[in-house]
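With PDB, C-alpha atoms, pLDDT in the B column inside, this is entry.pdb:
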```pdb
ATOM      1  CA  MET P   1     -14.588 -32.057   2.320  1.00 70.00           C
ATOM      2  CA  ALA P   2     -11.102 -30.594   1.820  1.00 74.00           C
ATOM      3  CA  LEU P   3     -10.348 -28.220  -1.029  1.00 79.00           C
ATOM      4  CA  THR P   4      -8.012 -29.797  -3.581  1.00 85.00           C
ATOM      5  CA  LEU P   5      -5.894 -27.366  -5.598  1.00 90.00           C
ATOM      6  CA  PRO P   6      -3.544 -27.841  -8.533  1.00 93.00           C
ATOM      7  CA  GLN P   7       0.118 -28.180  -7.608  1.00 92.00           C
ATOM      8  CA  SER P   8       1.442 -25.416  -9.900  1.00 96.00           C
ATOM      9  CA  VAL P   9       0.962 -21.662  -9.673  1.00 97.00           C
ATOM     10  CA  ARG P  10       1.068 -19.099 -12.494  1.00 96.00           C
ATOM     11  CA  TYR P  11       1.047 -15.304 -12.306  1.00 95.00           C
ATOM     12  CA  VAL P  12      -1.309 -13.172 -14.399  1.00 94.00           C
ATOM     13  CA  LYS P  13      -1.371  -9.379 -14.473  1.00 90.00           C
ATOM     14  CA  ASN P  14      -4.852  -8.649 -15.908  1.00 90.00           C
ATOM     15  CA  GLY P  15      -3.679  -6.092 -18.454  1.00 93.00           C
ATOM     16  CA  ARG P  16      -1.119  -3.300 -18.515  1.00 92.00           C
ATOM     17  CA  LYS P  17      -0.850  -1.916 -14.991  1.00 91.00           C
ATOM     18  CA  GLY P  18      -3.839  -4.085 -13.985  1.00 92.00           C
ATOM     19  CA  GLN P  19      -6.256  -2.142 -16.196  1.00 96.00           C
ATOM     20  CA  TRP P  20      -8.650  -5.127 -16.478  1.00 97.00           C
ATOM     21  CA  TRP P  21      -8.572  -5.962 -12.774  1.00 97.00           C
ATOM     22  CA  ARG P  22     -11.978  -4.461 -11.901  1.00 96.00           C
ATOM     23  CA  ALA P  23     -13.713  -6.405 -14.704  1.00 97.00           C
ATOM     24  CA  ALA P  24     -11.849  -9.576 -13.723  1.00 97.00           C
ATOM     25  CA  LEU P  25     -12.763  -9.288 -10.045  1.00 96.00           C
ATOM     26  CA  GLY P  26     -16.370  -8.311 -10.768  1.00 96.00           C
ATOM     27  CA  GLY P  27     -16.911 -11.098 -13.278  1.00 96.00           C
ATOM     28  CA  GLY P  28     -14.956 -13.859 -11.563  1.00 97.00           C
ATOM     29  CA  GLN P  29     -12.579 -13.977 -14.523  1.00 97.00           C
ATOM     30  CA  VAL P  30      -8.949 -13.697 -15.565  1.00 97.00           C
ATOM     31  CA  HIS P  31      -8.720 -11.088 -18.365  1.00 97.00           C
ATOM     32  CA  LEU P  32      -6.066 -11.399 -21.068  1.00 96.00           C
ATOM     33  CA  GLY P  33      -4.945  -9.694 -24.262  1.00 95.00           C
ATOM     34  CA  TRP P  34      -3.280 -11.088 -27.401  1.00 93.00           C
ATOM     35  CA  LYS P  35      -5.424  -8.983 -29.730  1.00 93.00           C
ATOM     36  CA  PRO P  36      -3.612 -10.159 -32.913  1.00 92.00           C
ATOM     37  CA  VAL P  37      -4.694 -13.784 -32.380  1.00 94.00           C
ATOM     38  CA  PRO P  38      -7.968 -14.505 -34.228  1.00 95.00           C
ATOM     39  CA  LYS P  39     -10.833 -15.546 -31.990  1.00 95.00           C
ATOM     40  CA  GLU P  40     -11.087 -18.909 -33.773  1.00 96.00           C
ATOM     41  CA  LEU P  41      -7.549 -19.744 -32.624  1.00 97.00           C
ATOM     42  CA  LEU P  42      -8.352 -18.695 -29.053  1.00 97.00           C
ATOM     43  CA  LEU P  43     -11.436 -20.920 -28.989  1.00 97.00           C
ATOM     44  CA  SER P  44      -9.776 -23.874 -30.717  1.00 96.00           C
ATOM     45  CA  PRO P  45      -6.017 -23.424 -30.313  1.00 96.00           C
ATOM     46  CA  ASP P  46      -3.694 -24.448 -33.146  1.00 96.00           C
ATOM     47  CA  PHE P  47      -0.329 -23.556 -31.659  1.00 95.00           C
ATOM     48  CA  LEU P  48       1.585 -23.686 -34.944  1.00 93.00           C
ATOM     49  CA  LYS P  49      -0.779 -21.086 -36.424  1.00 94.00           C
ATOM     50  CA  ILE P  50      -0.742 -19.013 -33.245  1.00 94.00           C
ATOM     51  CA  ARG P  51       3.075 -18.894 -33.289  1.00 92.00           C
ATOM     52  CA  GLN P  52       2.963 -17.637 -36.912  1.00 91.00           C
ATOM     53  CA  VAL P  53       0.392 -14.959 -36.055  1.00 91.00           C
ATOM     54  CA  LEU P  54       2.198 -13.664 -32.966  1.00 89.00           C
ATOM     55  CA  LYS P  55       5.616 -12.980 -34.473  1.00 79.00           C
ATOM     56  CA  SER P  56       6.682 -12.064 -30.953  1.00 69.00           C
ATOM     57  CA  PRO P  57       9.230 -13.344 -28.450  1.00 71.00           C
ATOM     58  CA  ARG P  58       9.091 -17.017 -27.553  1.00 71.00           C
ATOM     59  CA  GLN P  59       8.224 -16.069 -23.966  1.00 71.00           C
ATOM     60  CA  ASP P  60       4.997 -14.386 -25.140  1.00 85.00           C
ATOM     61  CA  PHE P  61       4.001 -17.467 -27.145  1.00 90.00           C
ATOM     62  CA  LYS P  62       4.753 -19.796 -24.219  1.00 91.00           C
ATOM     63  CA  ALA P  63       2.620 -17.660 -21.879  1.00 91.00           C
ATOM     64  CA  LEU P  64      -0.345 -17.815 -24.270  1.00 94.00           C
ATOM     65  CA  GLN P  65       0.161 -21.538 -24.775  1.00 95.00           C
ATOM     66  CA  THR P  66      -0.031 -22.074 -20.993  1.00 93.00           C
ATOM     67  CA  LEU P  67      -3.238 -20.016 -20.825  1.00 95.00           C
ATOM     68  CA  LEU P  68      -4.948 -21.944 -23.628  1.00 96.00           C
ATOM     69  CA  SER P  69      -3.635 -25.442 -22.955  1.00 94.00           C
ATOM     70  CA  ALA P  70      -5.466 -26.816 -19.887  1.00 93.00           C
ATOM     71  CA  PRO P  71      -5.279 -23.706 -17.660  1.00 96.00           C
ATOM     72  CA  SER P  72      -7.261 -25.608 -15.017  1.00 96.00           C
ATOM     73  CA  LYS P  73      -3.981 -27.387 -14.141  1.00 96.00           C
ATOM     74  CA  HIS P  74      -2.756 -24.234 -12.345  1.00 97.00           C
ATOM     75  CA  VAL P  75      -3.673 -21.842  -9.568  1.00 97.00           C
ATOM     76  CA  TRP P  76      -3.649 -18.310 -11.033  1.00 97.00           C
ATOM     77  CA  VAL P  77      -2.484 -15.411  -8.855  1.00 97.00           C
ATOM     78  CA  THR P  78      -2.283 -11.653  -9.192  1.00 96.00           C
ATOM     79  CA  PHE P  79      -1.394  -8.796  -6.861  1.00 96.00           C
ATOM     80  CA  GLU P  80      -3.825  -5.871  -6.674  1.00 94.00           C
ATOM     81  CA  ASP P  81      -4.961  -3.390  -4.032  1.00 90.00           C
ATOM     82  CA  GLY P  82      -2.210  -4.580  -1.687  1.00 93.00           C
ATOM     83  CA  TYR P  83      -3.393  -8.204  -1.694  1.00 95.00           C
ATOM     84  CA  MET P  84      -2.570 -11.438  -3.445  1.00 96.00           C
ATOM     85  CA  TRP P  85      -5.678 -12.765  -5.215  1.00 96.00           C
ATOM     86  CA  TRP P  86      -5.958 -16.284  -6.565  1.00 96.00           C
ATOM     87  CA  CYS P  87      -8.344 -18.583  -8.376  1.00 96.00           C
ATOM     88  CA  THR P  88      -8.527 -21.749 -10.380  1.00 97.00           C
ATOM     89  CA  VAL P  89     -10.115 -21.518 -13.815  1.00 97.00           C
ATOM     90  CA  LEU P  90     -12.170 -23.643 -16.157  1.00 97.00           C
ATOM     91  CA  ASP P  91     -10.572 -24.785 -19.396  1.00 97.00           C
ATOM     92  CA  GLY P  92     -11.585 -22.884 -22.522  1.00 96.00           C
ATOM     93  CA  ALA P  93     -11.213 -19.245 -23.511  1.00 97.00           C
ATOM     94  CA  ASN P  94     -14.172 -16.879 -23.641  1.00 98.00           C
ATOM     95  CA  VAL P  95     -13.658 -14.300 -26.387  1.00 97.00           C
ATOM     96  CA  ASN P  96     -14.814 -10.759 -25.641  1.00 97.00           C
ATOM     97  CA  PRO P  97     -17.542 -10.053 -28.243  1.00 95.00           C
ATOM     98  CA  ASP P  98     -16.668  -6.330 -28.083  1.00 94.00           C
ATOM     99  CA  GLY P  99     -12.923  -6.890 -28.398  1.00 93.00           C
ATOM    100  CA  GLU P 100     -10.209  -5.640 -26.077  1.00 96.00           C
ATOM    101  CA  SER P 101     -10.720  -2.252 -24.421  1.00 96.00           C
ATOM    102  CA  LYS P 102      -9.168  -0.233 -21.612  1.00 96.00           C
ATOM    103  CA  SER P 103     -11.493  -1.946 -19.130  1.00 97.00           C
ATOM    104  CA  THR P 104     -11.774  -5.509 -20.488  1.00 97.00           C
ATOM    105  CA  GLY P 105      -9.418  -8.012 -22.071  1.00 97.00           C
ATOM    106  CA  ASN P 106      -9.557  -9.567 -25.524  1.00 97.00           C
ATOM    107  CA  PHE P 107     -10.526 -12.867 -23.892  1.00 97.00           C
ATOM    108  CA  TRP P 108     -10.877 -14.295 -20.427  1.00 98.00           C
ATOM    109  CA  LEU P 109     -10.878 -17.486 -18.451  1.00 98.00           C
ATOM    110  CA  LYS P 110     -13.761 -18.084 -16.058  1.00 98.00           C
ATOM    111  CA  CYS P 111     -12.820 -18.659 -12.427  1.00 97.00           C
ATOM    112  CA  ASP P 112     -13.858 -22.018 -11.006  1.00 94.00           C
ATOM    113  CA  GLN P 113     -12.723 -21.439  -7.414  1.00 86.00           C
ATOM    114  CA  PRO P 114     -12.398 -17.660  -6.901  1.00 79.00           C
TER     115      PRO P 114
END
```
For this file, produce the structure as structure tokens.
Amino acid sequence: MALTLPQSVRYVKNGRKGQWWRAALGGGQVHLGWKPVPKELLLSPDFLKIRQVLKSPRQDFKALQTLLSAPSKHVWVTFEDGYMWWCTVLDGANVNPDGESKSTGNFWLKCDQP
């Protein structure tokens, strides 16, 4: 059976300078930040409330909206260790119970096809 992939591709950097890359690779995840957004809004997105909370450039809001609104519609890519890595993800954010750190993101998406 042939592998069917989404038709659009999005780039993700897994934290500042790839700081969450090891956790992402090890856990089959895409790690992300947006610490100011309450976990309830990550789990059940209300984009009007998220926009009010962020108070940041429109580009930042649009990026988060893409990550929370059916991310399974995209192939996600990153460049680390001299390679391009890609995966598809399942819909739905997983909030880090310990919060964002230097080694893990504030939330992540679980890879479906690593």
Distance query 12 Å from (-15.0, -11.6, -16.5) using all atoms listed in the file, result as JSON, numbers by chain: {"P": [14, 20, 21, 22, 23, 24, 25, 26, 27, 28, 29, 30, 31, 32, 89, 93, 94, 95, 96, 103, 104, 105, 106, 107, 108, 109, 110, 111, 112, 114]}
Computed interatomic separation between CA of Lys102 (chain P) and CA of Glu80 (chain P) (Å): 16.8 Å
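Counting from CA of Pro71 (chain P), the distance to CA of Trp85 (chain P) is 16.6 Å.
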Residues in the PyMOL selection byres ((chain P and resi 37) around 10), expressed as a ChimeraX atom specification: /P:33-36,38-42,45,49-54,106
Point (-5.2, -25.6, -6.0) neighbourhood (12 Å, all atoms listed in the file) written as number ranges by chain: P: 2-10, 71-77, 86-89, 112-114
Atom-to-atom span, CA of Leu67 (chain P) and CA of Asp81 (chain P), Å: 23.7 Å
Residue nearest Ser69 (chain P) among P:Pro57, P:Pro97, P:Gly15, P:Leu90 (counting only C-alpha atoms): P:Leu90
Is it possible to get the axis-aligned box enclosing region 107-112 of chain P (all listed atoms, 3 Å extra per side) as AutoDock Vina command-line options, with centre and edge lengths in Å rounded to one decimal?
```
--center_x -12.2 --center_y -17.4 --center_z -17.4 --size_x 9.3 --size_y 15.2 --size_z 18.9
```
